[in-house]
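K.L.:
The file below is work17.cif, mmCIF, C-alpha atoms:
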```
data_protein
loop_
_atom_site.label_atom_id
_atom_site.label_comp_id
_atom_site.auth_asym_id
_atom_site.auth_seq_id
_atom_site.Cartn_x
_atom_site.Cartn_y
_atom_site.Cartn_z
CA MET A 1 6.02 -147.32 206.62
CA LYS A 2 2.38 -147.84 207.59
CA SER A 3 1.16 -147.40 204.00
CA ASN A 4 3.79 -149.86 202.74
CA PHE A 5 2.60 -152.40 205.30
CA ILE A 6 -1.00 -151.91 204.18
CA ASN A 7 0.01 -152.42 200.53
CA ILE A 8 1.84 -155.65 201.35
CA LYS A 9 -1.06 -156.81 203.46
CA SER A 10 -3.56 -156.16 200.65
CA CYS A 11 -1.32 -157.90 198.10
CA PHE A 12 -1.00 -160.87 200.47
CA ALA A 13 -4.79 -160.99 200.69
CA GLU A 14 -4.99 -161.07 196.87
CA VAL A 15 -2.68 -164.10 196.84
CA ILE A 16 -4.55 -165.93 199.61
CA ARG A 17 -8.17 -165.10 198.74
CA PRO A 18 -8.60 -167.50 195.78
CA LEU A 19 -7.34 -170.42 197.87
CA VAL A 20 -9.58 -172.46 200.13
CA GLY A 21 -9.28 -174.90 203.00
CA VAL A 22 -6.14 -177.02 202.93
CA GLN A 23 -4.59 -174.98 200.10
CA ARG A 24 -4.74 -171.78 202.11
CA PHE A 25 -3.37 -173.45 205.26
CA LEU A 26 -0.53 -175.09 203.28
CA LEU A 27 0.57 -171.83 201.62
CA ILE A 28 0.62 -169.97 204.95
CA PHE A 29 2.58 -172.83 206.55
CA LEU A 30 5.19 -172.80 203.75
CA ILE A 31 5.62 -169.04 203.96
CA VAL A 32 6.05 -169.07 207.74
CA SER A 33 8.48 -172.01 207.45
CA GLY A 34 10.61 -170.12 204.93
CA TRP A 35 10.08 -172.64 202.11
CA VAL A 36 8.65 -170.04 199.73
CA PHE A 37 9.16 -166.29 199.11
CA THR A 38 7.39 -163.86 201.39
CA PRO A 39 4.55 -161.94 199.73
CA ALA A 40 6.71 -158.80 199.48
CA ASP A 41 9.50 -160.72 197.73
CA ALA A 42 7.11 -162.44 195.37
CA ILE A 43 5.32 -159.21 194.47
CA ALA A 44 8.61 -157.36 193.99
CA LYS A 45 9.71 -160.10 191.61
CA LEU A 46 6.43 -159.85 189.72
CA LYS A 47 6.77 -156.10 189.45
CA GLU A 48 10.36 -156.45 188.22
CA ASP A 49 9.27 -158.88 185.53
CA GLN A 50 6.45 -156.58 184.49
CA ILE A 51 8.62 -153.45 184.32
CA VAL A 52 11.16 -154.96 181.93
CA PRO A 53 9.40 -156.39 178.84
CA GLN A 54 10.69 -159.65 177.39
CA ALA A 55 11.57 -160.35 173.76
CA THR A 56 10.91 -164.04 173.19
CA ASN A 57 11.37 -164.59 169.46
CA ALA A 58 12.34 -162.85 166.21
CA ARG A 59 12.01 -163.75 162.54
CA LEU A 60 12.64 -162.51 159.02
CA GLY A 61 10.51 -162.71 155.89
CA GLY A 62 10.60 -161.38 152.35
CA ASP A 63 13.18 -161.14 149.57
CA LYS A 64 15.99 -158.93 148.20
CA ARG A 65 13.57 -156.10 147.39
CA ARG A 66 11.56 -155.94 150.62
CA THR A 67 12.27 -157.66 153.94
CA ARG A 68 10.23 -157.73 157.14
CA PHE A 69 11.73 -158.07 160.64
CA VAL A 70 9.39 -159.10 163.46
CA VAL A 71 10.18 -159.45 167.17
CA ASP A 72 7.73 -160.81 169.76
CA ILE A 73 7.57 -158.70 172.93
CA SER A 74 5.60 -159.25 176.14
CA GLY A 75 3.92 -155.84 175.84
CA SER A 76 3.57 -152.77 173.64
CA ILE A 77 6.54 -150.39 173.95
CA GLY A 78 7.90 -147.21 172.43
CA TYR A 79 10.74 -147.45 169.94
CA ALA A 80 12.86 -145.51 167.43
CA VAL A 81 14.04 -146.98 164.13
CA TYR A 82 16.54 -145.48 161.69
CA VAL A 83 19.33 -146.46 159.28
CA LEU A 84 23.11 -145.94 159.34
CA PRO A 85 25.77 -146.24 156.60
CA ASP A 86 29.32 -147.67 156.44
CA PRO A 87 28.34 -150.45 156.86
CA TYR A 88 24.63 -150.28 156.06
CA ARG A 89 22.44 -151.28 159.00
CA VAL A 90 19.07 -150.67 160.63
CA ILE A 91 18.95 -149.56 164.28
CA ILE A 92 15.98 -150.18 166.56
CA ASP A 93 16.26 -148.35 169.92
CA LEU A 94 14.00 -149.60 172.72
CA PRO A 95 13.50 -149.16 176.45
CA GLU A 96 15.29 -151.84 178.46
CA VAL A 97 14.29 -155.29 177.18
CA ASN A 98 15.07 -158.73 178.59
CA PHE A 99 16.11 -160.65 175.47
CA GLN A 100 15.13 -164.32 175.82
CA LEU A 101 15.60 -165.24 172.17
CA PRO A 102 16.69 -168.79 171.25
CA SER A 103 20.44 -169.43 171.21
CA GLY A 104 22.12 -168.49 167.94
CA GLN A 105 19.22 -166.37 166.72
CA GLY A 106 20.34 -163.56 164.45
CA SER A 107 23.51 -165.26 163.21
CA SER A 108 22.00 -165.81 159.76
CA GLY A 109 19.82 -163.62 157.57
CA ARG A 110 17.25 -163.54 154.83
CA GLY A 111 16.40 -161.20 151.98
CA LEU A 112 18.14 -157.85 152.53
CA VAL A 113 19.27 -158.85 156.05
CA THR A 114 22.59 -160.66 156.59
CA GLY A 115 22.15 -161.00 160.37
CA TYR A 116 21.18 -159.10 163.52
CA ARG A 117 22.33 -158.54 167.11
CA PHE A 118 20.59 -157.36 170.26
CA GLY A 119 21.40 -156.35 173.83
CA LEU A 120 21.61 -153.58 176.42
CA PHE A 121 22.98 -150.40 174.86
CA SER A 122 23.00 -147.97 177.80
CA PRO A 123 21.30 -147.77 181.21
CA GLY A 124 17.57 -148.20 180.60
CA ARG A 125 17.90 -148.70 176.85
CA SER A 126 18.28 -151.72 174.59
CA ARG A 127 19.13 -151.93 170.91
CA ILE A 128 18.68 -154.24 167.94
CA VAL A 129 21.19 -153.85 165.11
CA ILE A 130 20.17 -155.35 161.76
CA ASP A 131 22.96 -155.69 159.18
CA THR A 132 21.90 -155.29 155.55
CA SER A 133 23.54 -156.28 152.28
CA ALA A 134 22.69 -152.97 150.58
CA PRO A 135 21.45 -149.44 151.37
CA VAL A 136 17.87 -149.63 152.63
CA LEU A 137 15.06 -147.35 153.74
CA ILE A 138 12.42 -147.90 156.41
CA GLN A 139 9.19 -148.43 154.48
CA LYS A 140 7.08 -148.68 157.63
CA SER A 141 7.26 -149.77 161.26
CA PHE A 142 4.54 -150.45 163.82
CA VAL A 143 3.60 -152.40 166.94
CA ILE A 144 0.78 -154.97 166.90
CA PRO A 145 -0.78 -155.14 170.39
CA ALA A 146 -1.05 -158.50 172.16
CA ARG A 147 -4.28 -160.35 171.42
CA ASN A 148 -5.72 -163.86 171.31
CA GLN A 149 -2.94 -165.19 173.59
CA LYS A 150 -0.31 -163.91 171.13
CA PRO A 151 2.43 -161.51 172.31
CA ALA A 152 2.81 -157.96 171.04
CA ARG A 153 4.87 -157.73 167.86
CA LEU A 154 7.23 -155.00 166.69
CA VAL A 155 7.34 -155.01 162.89
CA VAL A 156 9.89 -153.20 160.69
CA ASP A 157 9.68 -153.32 156.88
CA ILE A 158 12.77 -152.30 154.91
CA VAL A 159 13.14 -151.82 151.15
CA LYS A 160 16.19 -151.74 148.92
CA THR A 161 17.33 -148.36 147.60
CA ASP A 162 20.36 -146.76 145.91
CA LYS A 163 23.12 -144.74 147.56
CA LYS A 164 21.85 -141.41 146.23
CA THR A 165 18.34 -141.92 147.61
CA PHE A 166 19.79 -143.21 150.89
CA GLN A 167 21.85 -140.04 151.35
CA LYS A 168 18.88 -137.85 150.42
CA ASN A 169 16.80 -139.43 153.19
CA ARG A 170 19.68 -139.32 155.69
CA LYS A 171 18.72 -135.93 157.14
CA SER A 172 15.32 -137.08 158.30
CA GLN A 173 16.82 -140.30 159.64
CA LEU A 174 19.32 -138.33 161.75
CA GLN A 175 16.45 -136.27 163.13
CA ALA A 176 14.69 -139.50 164.15
CA GLN A 177 17.88 -140.67 165.83
CA SER A 178 18.35 -137.44 167.81
CA ASN A 179 14.73 -137.58 168.97
CA ALA A 180 14.89 -141.24 170.06
CA GLU A 181 14.86 -140.53 173.80
CA LYS A 182 11.83 -138.25 173.51
CA LEU A 183 9.62 -141.03 172.19
CA ALA A 184 6.99 -142.46 174.52
CA GLY A 185 8.26 -145.43 176.49
CA ILE A 186 12.00 -144.71 176.06
CA PRO A 187 13.18 -143.32 179.40
CA ILE A 188 16.13 -140.98 179.68
CA PRO A 189 18.77 -142.77 181.84
CA VAL A 190 18.90 -141.67 185.48
CA PRO A 191 21.71 -142.08 188.01
CA LYS A 192 21.93 -145.39 189.84
CA PRO A 193 22.49 -145.55 193.61
CA ARG A 194 25.69 -144.09 194.98
CA GLY A 195 28.72 -146.28 194.32
CA THR A 196 27.72 -147.18 190.76
CA ILE A 197 29.35 -145.27 187.93
CA ILE A 198 27.31 -144.21 184.91
CA PRO A 199 29.42 -142.15 182.47
CA GLY A 200 28.02 -138.64 182.06
CA PHE A 201 25.59 -138.74 185.00
CA ASN A 202 27.73 -138.57 188.15
CA LYS A 203 28.06 -135.30 190.02
CA LYS A 204 31.42 -133.57 190.05
CA THR A 205 33.40 -133.90 193.24
CA ASP A 206 36.32 -132.01 194.72
CA ARG A 207 38.89 -133.82 192.62
CA ALA A 208 41.77 -131.56 193.63
CA SER A 209 41.66 -132.69 197.26
CA LYS A 210 41.00 -136.28 196.19
CA LYS A 211 44.08 -136.37 193.92
CA ARG A 212 46.28 -135.10 196.74
CA ALA A 213 45.34 -138.08 198.85
CA LYS A 214 44.76 -140.83 196.30
CA LYS A 215 45.53 -141.65 192.69
CA THR A 216 42.52 -142.26 190.44
CA ILE A 217 42.58 -145.57 188.56
CA ILE A 218 40.15 -146.03 185.68
CA ILE A 219 39.42 -149.69 184.90
CA ASP A 220 37.79 -150.33 181.54
CA PRO A 221 36.17 -153.77 181.07
CA GLY A 222 36.00 -154.15 177.29
CA HIS A 223 32.79 -154.54 175.28
CA GLY A 224 29.45 -155.00 177.12
CA GLY A 225 25.74 -154.95 176.40
CA ILE A 226 25.01 -155.50 172.73
CA ASP A 227 28.74 -156.01 172.03
CA SER A 228 29.72 -159.39 173.52
CA GLY A 229 33.30 -159.30 172.23
CA ALA A 230 34.99 -162.63 171.58
CA VAL A 231 33.07 -165.85 172.20
CA ASP A 232 34.64 -169.28 172.71
CA PRO A 233 33.20 -172.47 171.13
CA ARG A 234 31.16 -173.15 174.30
CA GLY A 235 29.53 -169.72 174.25
CA VAL A 236 31.60 -168.06 177.00
CA GLN A 237 31.64 -164.32 176.27
CA GLU A 238 34.61 -161.99 176.60
CA LYS A 239 32.47 -159.20 178.07
CA ARG A 240 31.59 -161.33 181.13
CA ILE A 241 35.17 -162.51 181.76
CA VAL A 242 36.68 -159.02 181.66
CA LEU A 243 33.94 -157.53 183.85
CA SER A 244 34.67 -160.19 186.48
CA VAL A 245 38.41 -159.44 186.41
CA ALA A 246 37.75 -155.68 186.56
CA ARG A 247 35.58 -156.10 189.67
CA ILE A 248 38.23 -158.24 191.38
CA LEU A 249 40.98 -155.73 190.56
CA LYS A 250 38.87 -152.84 191.82
CA LYS A 251 38.17 -154.63 195.10
CA ILE A 252 41.88 -155.35 195.64
CA LEU A 253 42.90 -151.74 194.90
CA LEU A 254 40.21 -150.25 197.16
CA LYS A 255 41.28 -152.55 199.98
CA THR A 256 44.75 -150.93 199.98
CA GLY A 257 43.19 -147.55 200.75
CA ARG A 258 45.66 -145.90 198.36
CA TYR A 259 43.45 -145.43 195.31
CA HIS A 260 40.22 -143.96 194.06
CA VAL A 261 38.92 -146.54 191.57
CA LEU A 262 36.29 -146.04 188.88
CA MET A 263 35.03 -148.41 186.19
CA THR A 264 33.80 -147.32 182.76
CA ARG A 265 31.01 -149.87 183.16
CA GLU A 266 29.80 -151.64 186.33
CA ASP A 267 27.37 -153.98 184.60
CA ASP A 268 26.47 -155.45 181.20
CA THR A 269 26.15 -152.08 179.47
CA PHE A 270 27.56 -150.94 176.15
CA ILE A 271 29.82 -147.86 176.34
CA PRO A 272 31.13 -146.34 173.06
CA LEU A 273 34.93 -146.23 172.81
CA ARG A 274 35.18 -142.44 172.79
CA LYS A 275 32.88 -142.26 175.83
CA ARG A 276 35.34 -144.47 177.73
CA VAL A 277 38.15 -142.05 176.97
CA GLU A 278 35.95 -139.06 177.87
CA PHE A 279 34.99 -140.74 181.15
CA ALA A 280 38.65 -141.20 182.11
CA ARG A 281 39.49 -137.58 181.33
CA LYS A 282 36.36 -136.20 183.00
CA ASN A 283 37.31 -138.01 186.22
CA ASP A 284 40.95 -136.88 186.10
CA GLY A 285 42.30 -140.42 185.79
CA ASP A 286 45.95 -140.99 186.69
CA LEU A 287 46.03 -144.40 184.99
CA PHE A 288 43.71 -146.09 182.48
CA ILE A 289 43.61 -149.90 182.23
CA SER A 290 41.48 -151.54 179.54
CA ILE A 291 40.91 -155.29 179.99
CA HIS A 292 40.23 -157.74 177.13
CA ALA A 293 40.34 -161.44 176.21
CA ASP A 294 40.18 -161.79 172.45
CA THR A 295 40.40 -164.47 169.77
CA VAL A 296 42.85 -164.78 166.86
CA ASN A 297 42.89 -166.95 163.76
CA ARG A 298 45.78 -169.09 164.99
CA SER A 299 44.71 -171.27 167.91
CA TYR A 300 48.31 -171.86 169.10
CA VAL A 301 48.74 -168.16 170.00
CA ARG A 302 48.34 -167.70 173.74
CA GLY A 303 49.50 -165.75 176.78
CA THR A 304 48.92 -162.35 178.37
CA THR A 305 49.93 -159.36 176.23
CA LEU A 306 50.21 -155.65 177.07
CA TYR A 307 49.45 -153.00 174.44
CA THR A 308 50.31 -149.31 174.43
CA LEU A 309 49.34 -146.73 171.86
CA SER A 310 51.11 -146.16 168.59
CA GLU A 311 49.68 -145.20 165.21
CA LYS A 312 52.23 -147.58 163.72
CA ALA A 313 51.59 -151.12 164.94
CA SER A 314 54.52 -153.21 166.16
CA ASP A 315 53.44 -156.19 164.01
CA VAL A 316 50.66 -157.51 161.78
CA GLU A 317 48.88 -159.30 164.66
CA ALA A 318 48.77 -156.11 166.76
CA ALA A 319 47.39 -154.12 163.83
CA ALA A 320 44.68 -156.71 163.13
CA LEU A 321 43.63 -156.87 166.78
CA ALA A 322 43.44 -153.06 167.07
CA GLN A 323 41.34 -152.86 163.91
CA LYS A 324 39.00 -155.52 165.29
CA GLU A 325 38.60 -153.82 168.70
CA ASN A 326 38.09 -150.40 167.11
CA ARG A 327 35.01 -151.76 165.33
CA SER A 328 33.11 -152.18 168.63
CA ASP A 329 31.17 -148.98 168.04
CA ILE A 330 30.13 -150.16 164.59
CA ILE A 331 28.94 -153.48 166.03
CA ALA A 332 26.70 -151.62 168.45
CA GLY A 333 25.31 -149.32 165.78
CA VAL A 334 27.05 -146.11 166.87
CA ASP A 335 27.23 -143.49 164.11
CA LEU A 336 30.98 -142.88 163.91
CA GLY A 337 30.47 -140.04 161.45
CA ARG A 338 29.17 -137.75 164.21
CA GLN A 339 32.31 -137.35 166.34
CA ASN A 340 32.82 -133.83 167.65
CA ASP A 341 35.83 -131.56 167.30
CA VAL A 342 37.02 -132.29 170.85
CA VAL A 343 37.53 -135.97 170.03
CA THR A 344 39.25 -135.04 166.76
CA ASP A 345 41.65 -132.81 168.68
CA ILE A 346 42.39 -135.67 171.06
CA LEU A 347 43.36 -137.92 168.16
CA ILE A 348 45.70 -135.24 166.82
CA ASP A 349 47.40 -134.67 170.18
CA LEU A 350 48.62 -138.26 170.48
CA VAL A 351 52.19 -137.07 170.00
CA LEU A 352 52.40 -136.20 173.70
CA ARG A 353 55.58 -138.11 174.36
CA GLU A 354 55.48 -137.98 178.15
CA THR A 355 52.14 -139.77 178.39
CA LYS A 356 53.27 -142.44 175.94
CA ASN A 357 56.50 -143.00 177.86
CA HIS A 358 54.57 -143.42 181.13
CA SER A 359 52.27 -145.92 179.41
CA ILE A 360 55.23 -147.93 178.16
CA PHE A 361 56.84 -147.93 181.61
CA PHE A 362 53.65 -149.19 183.26
CA ALA A 363 53.18 -151.89 180.60
CA GLN A 364 56.71 -153.17 181.16
CA THR A 365 56.12 -153.16 184.93
CA VAL A 366 52.98 -155.30 184.51
CA VAL A 367 54.78 -157.76 182.21
CA LYS A 368 57.57 -158.24 184.79
CA GLY A 369 55.05 -158.74 187.58
CA LEU A 370 53.06 -161.37 185.64
CA LYS A 371 56.06 -163.56 184.87
CA GLY A 372 55.76 -166.62 187.07
CA VAL A 373 52.10 -165.88 187.74
CA THR A 374 50.70 -166.84 184.33
CA LYS A 375 51.72 -167.61 180.76
CA ILE A 376 53.14 -164.53 179.03
CA ASN A 377 52.94 -164.08 175.25
CA ASN A 378 56.14 -164.50 173.25
CA LYS A 379 55.90 -160.79 172.41
CA PRO A 380 54.50 -159.50 175.72
CA HIS A 381 54.57 -155.75 174.94
CA ARG A 382 53.19 -154.53 171.63
CA PHE A 383 52.06 -151.26 170.07
CA ALA A 384 48.89 -150.54 168.10
CA GLY A 385 46.32 -147.83 167.42
CA PHE A 386 43.61 -148.83 169.89
CA ALA A 387 40.96 -146.10 170.02
CA VAL A 388 40.34 -146.73 173.72
CA LEU A 389 43.96 -145.78 174.59
CA LYS A 390 43.78 -142.34 173.00
CA ALA A 391 43.58 -140.10 176.08
CA PRO A 392 46.45 -137.66 175.48
CA ASP A 393 47.07 -136.88 179.15
CA ILE A 394 46.48 -140.22 180.91
CA PRO A 395 48.94 -143.14 180.76
CA SER A 396 46.91 -145.96 179.22
CA VAL A 397 47.40 -149.67 178.58
CA LEU A 398 45.30 -152.48 177.19
CA ILE A 399 45.75 -155.85 178.91
CA GLU A 400 44.93 -158.82 176.69
CA LEU A 401 44.51 -161.41 179.45
CA GLY A 402 44.70 -164.31 177.02
CA PHE A 403 42.98 -165.72 173.96
CA LEU A 404 39.66 -167.57 174.01
CA SER A 405 40.72 -169.16 170.73
CA ASN A 406 43.39 -171.13 172.62
CA GLY A 407 42.17 -174.06 174.74
CA GLN A 408 44.72 -173.59 177.55
CA ASP A 409 44.09 -169.85 177.79
CA ALA A 410 40.32 -170.37 177.72
CA ARG A 411 40.49 -172.71 180.72
CA LEU A 412 42.50 -170.16 182.70
CA LEU A 413 40.22 -167.27 181.74
CA LYS A 414 37.22 -169.17 183.14
CA SER A 415 38.97 -169.82 186.47
CA GLN A 416 38.12 -167.48 189.35
CA ASN A 417 41.33 -168.46 191.14
CA TRP A 418 43.41 -167.48 188.09
CA ARG A 419 41.53 -164.19 187.77
CA ARG A 420 42.35 -163.34 191.40
CA LYS A 421 46.05 -164.22 190.97
CA VAL A 422 46.40 -162.05 187.86
CA SER A 423 44.47 -159.18 189.48
CA ARG A 424 46.73 -159.25 192.55
CA SER A 425 49.79 -159.12 190.29
CA VAL A 426 48.42 -156.14 188.33
CA ALA A 427 47.61 -154.36 191.62
CA LYS A 428 51.22 -154.84 192.79
CA SER A 429 52.45 -153.43 189.48
CA ILE A 430 50.26 -150.36 190.00
CA ASP A 431 51.90 -149.87 193.41
CA LYS A 432 55.38 -150.14 191.85
CA TYR A 433 54.46 -147.74 189.04
CA PHE A 434 53.36 -144.96 191.39
CA ARG A 435 56.30 -145.53 193.76
CA SER A 436 58.61 -145.06 190.80
#
```
For the file at hand, write its structure as structure tokens.
P.N.:
Amino acid sequence: MKSNFINIKSCFAEVIRPLVGVQRFLLIFLIVSGWVFTPADAIAKLKEDQIVPQATNARLGGDKRRTRFVVDISGSIGYAVYVLPDPYRVIIDLPEVNFQLPSGQGSSGRGLVTGYRFGLFSPGRSRIVIDTSAPVLIQKSFVIPARNQKPARLVVDIVKTDKKTFQKNRKSQLQAQSNAEKLAGIPIPVPKPRGTIIPGFNKKTDRASKKRAKKTIIIDPGHGGIDSGAVDPRGVQEKRIVLSVARILKKILLKTGRYHVLMTREDDTFIPLRKRVEFARKNDGDLFISIHADTVNRSYVRGTTLYTLSEKASDVEAAALAQKENRSDIIAGVDLGRQNDVVTDILIDLVLRETKNHSIFFAQTVVKGLKGVTKINNKPHRFAGFAVLKAPDIPSVLIELGFLSNGQDARLLKSQNWRRKVSRSVAKSIDKYFRS
């Protein structure tokens, strides 16, 4: 405690020393009066800003044979860059970066690049995904240190190649990918404070005694991080809406004292679809609820819809939506060709009729509960092959809260009051499901 006080005192002296006379008196007066941050707050904020580098701009140059991607960063950092197929794209893995790029940047391309995306990929790590129009190879990549009042620049040069050459170089690219976390400057994620869930990093608990007392509910806010999900014309992102609803629902359920509630993501982090399923199974979930708010081509389609798993979709709309959601891992640059045998076995075991029947029963219970609370879709319960519902031993549903492509639904989705009403209704349906 004493050393901390000395550090704060010395930092305060560094702030005050350059000031003279009236300036020094005025600053001290404002601090004492509470009009400005205390030195500790100000220094903590400075440290926070310094720890997380900022990306302020990005640009493309070149042609269809060779294209250069450049991103301006506030300081030199470690990185890993590699390519993935189906579809062809370049992945740049970074330590956590605060992306402050201009609005709309990355939506269009140049040369070999058709567009790019960026965002938080996992705790402590960010990712840039560059879509390409053809198979490419990394010709070179490097970081130019900051100098002459210019920020540091990460530069990646890609060149066009053929499929045969791409595949030949794939082995070395996979090695680069597997070594990404070992590179200087890319920290391996560590557990957050107690109460925050990070898939794969939480210690095992005595789940047997926990299940006797309380049922475990897994809430899955869709998308996150680099994958924003649907976006309405005003820029409102699906990932933020569903995270808000998930937090409200969790709070309501915990308040009852009847449930142990976990979320697949607690913040704006990307979680691969199979990791969401693994998280639910690892934590012995009794019920899995995935929350979404999508868009469809027809703006008149609206209303809350419940989906349960079936390899054969109930209609064309359900099939299209499932196909769209199942591409989340591709959007974030996950290599889907590297799934392990455990996941494959899970996909095969989907015929477990009991789990599917429980899922259907819960979905119907939610639909009944929401009638009179909000607008229900004309076909409120549908079936489709959503990857996130493929836990063979946990009843699972996907709640499509509404559609951002519909003006009326979009207004409701942005309303905190509406989110609370819907969450309360879903919580009541959970009570009814377990009583039954």
K.L.:
Any chance you could resolve the PyMOL selection byres ((chain A and resi 60-64) around 8) against this file and give the residues as a PDB file with C-alpha atoms, in the coordinates of the input?
P.N.:
```pdb
ATOM      1  CA  ALA A  58      12.340-162.850 166.210  1.00  0.00           C
ATOM      2  CA  ARG A  59      12.010-163.750 162.540  1.00  0.00           C
ATOM      3  CA  ARG A  65      13.570-156.100 147.390  1.00  0.00           C
ATOM      4  CA  ARG A  66      11.560-155.940 150.620  1.00  0.00           C
ATOM      5  CA  THR A  67      12.270-157.660 153.940  1.00  0.00           C
ATOM      6  CA  ARG A  68      10.230-157.730 157.140  1.00  0.00           C
ATOM      7  CA  PHE A  69      11.730-158.070 160.640  1.00  0.00           C
ATOM      8  CA  VAL A  70       9.390-159.100 163.460  1.00  0.00           C
ATOM      9  CA  GLY A 109      19.820-163.620 157.570  1.00  0.00           C
ATOM     10  CA  ARG A 110      17.250-163.540 154.830  1.00  0.00           C
ATOM     11  CA  GLY A 111      16.400-161.200 151.980  1.00  0.00           C
ATOM     12  CA  LEU A 112      18.140-157.850 152.530  1.00  0.00           C
ATOM     13  CA  LYS A 160      16.190-151.740 148.920  1.00  0.00           C
TER      14      LYS A 160
END
```
K.L.:
In Å, with one decimal, what is the gap from atom CA of A:Lys168 to atom CA of A:Pro272?
P.N.:
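If I compute the distance from atom CA of A:Lys168 to atom CA of A:Pro272, I get 27.1 Å.
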K.L.:
Between atom CA of A:Phe118 and atom CA of A:Asn57, what is the spacing in Å?
P.N.:
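So the answer is 11.7 Å.
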K.L.:
Between A:Val52, A:Ile291, A:Leu389, A:Val90, which has the minimum distance to A:Thr132 (counting all atoms listed in the file)?
P.N.:
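Closest candidate: A:Val90.
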K.L.:
Would you compute the distance between atom CA of A:His292 and atom CA of A:Lys250? Give it in Å to one decimal.
P.N.:
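Computing the Euclidean distance for atom CA of A:His292 and atom CA of A:Lys250 yields 15.5 Å.
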K.L.:
Hey, what's within 12 Å of A:Pro151 if we count all atoms listed in the file and toss same-chain stuff fewer than 2 positions away? As number ranges by chain, please?
P.N.:
A: 53-58, 70-77, 143-149, 153-154
K.L.:
Rank A:Leu137, A:Leu273, A:Val397, A:Ile241 by their smallest atom-to-atom distance to A:Leu309, using only C-alpha atoms, and report the top residue only.
P.N.:
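Of A:Leu137, A:Leu273, A:Val397, A:Ile241, the one nearest A:Leu309 is A:Val397, counting only C-alpha atoms.
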K.L.:
Go through A:Asp162, A:Asp294, A:Asp93, A:Glu278 one by one, measure the shortest atom-to-atom distance of each to A:Val242 using only C-alpha atoms, and give the residue with the smallest value.
P.N.:
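That would be A:Asp294, the residue with the smallest distance to A:Val242.
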K.L.:
Could you list the residues chosen by the PyMOL selection byres ((chain A and resi 321) around 12) in this structure as a VMD selection string?
P.N.:
chain A and resid 229 to 230 292 to 297 305 307 313 to 320 322 to 328 382 to 387 398 400 403
K.L.:
Starting from the displayed file, determine the output of the PyMOL selection byres ((chain A and resi 225) around 10) and express the residue list as an MDAnalysis selection string.
P.N.:
chainID A and resid 118:123 126:127 223:224 226:229 239:240 265 267:271 332
K.L.:
Any chance you could export the current selection's C-alpha atoms as a short mmCIF file (atom, residue, chain, number, x, y, z; two decimals), keeping the file's coordinate frame?
P.N.:
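So selection.cif came out as:
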```
data_model
loop_
_atom_site.label_atom_id
_atom_site.label_comp_id
_atom_site.auth_asym_id
_atom_site.auth_seq_id
_atom_site.Cartn_x
_atom_site.Cartn_y
_atom_site.Cartn_z
CA PHE A 118 20.59 -157.36 170.26
CA GLY A 119 21.40 -156.35 173.83
CA LEU A 120 21.61 -153.58 176.42
CA PHE A 121 22.98 -150.40 174.86
CA SER A 122 23.00 -147.97 177.80
CA PRO A 123 21.30 -147.77 181.21
CA SER A 126 18.28 -151.72 174.59
CA ARG A 127 19.13 -151.93 170.91
CA HIS A 223 32.79 -154.54 175.28
CA GLY A 224 29.45 -155.00 177.12
CA ILE A 226 25.01 -155.50 172.73
CA ASP A 227 28.74 -156.01 172.03
CA SER A 228 29.72 -159.39 173.52
CA GLY A 229 33.30 -159.30 172.23
CA LYS A 239 32.47 -159.20 178.07
CA ARG A 240 31.59 -161.33 181.13
CA ARG A 265 31.01 -149.87 183.16
CA ASP A 267 27.37 -153.98 184.60
CA ASP A 268 26.47 -155.45 181.20
CA THR A 269 26.15 -152.08 179.47
CA PHE A 270 27.56 -150.94 176.15
CA ILE A 271 29.82 -147.86 176.34
CA ALA A 332 26.70 -151.62 168.45
#
```
K.L.:
So which one's closest to A:Asn98, A:Gly303, A:Ala391, A:Arg125, A:Lys428? Using only C-alpha atoms, please.
P.N.:
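Selected residue with least distance to A:Asn98: A:Arg125.
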K.L.:
Using all atoms listed in the file, can you tell me which of A:Val426, A:Val113, A:Leu413, A:Leu404 comes closest to A:Pro233?
P.N.:
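With all atoms listed in the file as the atom set, the closest residue is A:Leu404.
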K.L.:
When distances are computed from only C-alpha atoms, which of A:Asp393, A:Glu238, A:Asp431, A:Glu96 shows the smallest separation from A:Gly285?
P.N.:
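So, comparing all the options, the nearest one is A:Asp393.
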K.L.:
Please return stretch 70-75 of chain A, rebuilt to N, CA and C atoms, as a JSON list (two decimals), in the frame of the given file.
P.N.:
```json
[["chain", "number", "residue", "atom", "x", "y", "z"],
["A", 70, "VAL", "N", 10.42, -159.06, 162.41],
["A", 70, "VAL", "CA", 9.39, -159.10, 163.46],
["A", 70, "VAL", "C", 10.00, -159.64, 164.75],
["A", 71, "VAL", "N", 9.74, -158.95, 165.87],
["A", 71, "VAL", "CA", 10.18, -159.45, 167.17],
["A", 71, "VAL", "C", 8.98, -159.50, 168.11],
["A", 72, "ASP", "N", 8.82, -160.63, 168.80],
["A", 72, "ASP", "CA", 7.73, -160.81, 169.76],
["A", 72, "ASP", "C", 8.13, -160.23, 171.11],
["A", 73, "ILE", "N", 7.28, -159.37, 171.66],
["A", 73, "ILE", "CA", 7.57, -158.70, 172.93],
["A", 73, "ILE", "C", 6.37, -158.87, 173.86],
["A", 74, "SER", "N", 6.65, -158.96, 175.16],
["A", 74, "SER", "CA", 5.60, -159.25, 176.14],
["A", 74, "SER", "C", 4.59, -158.13, 176.29],
["A", 75, "GLY", "N", 4.87, -156.94, 175.76],
["A", 75, "GLY", "CA", 3.92, -155.84, 175.84],
["A", 75, "GLY", "C", 4.27, -154.75, 174.85]]
```
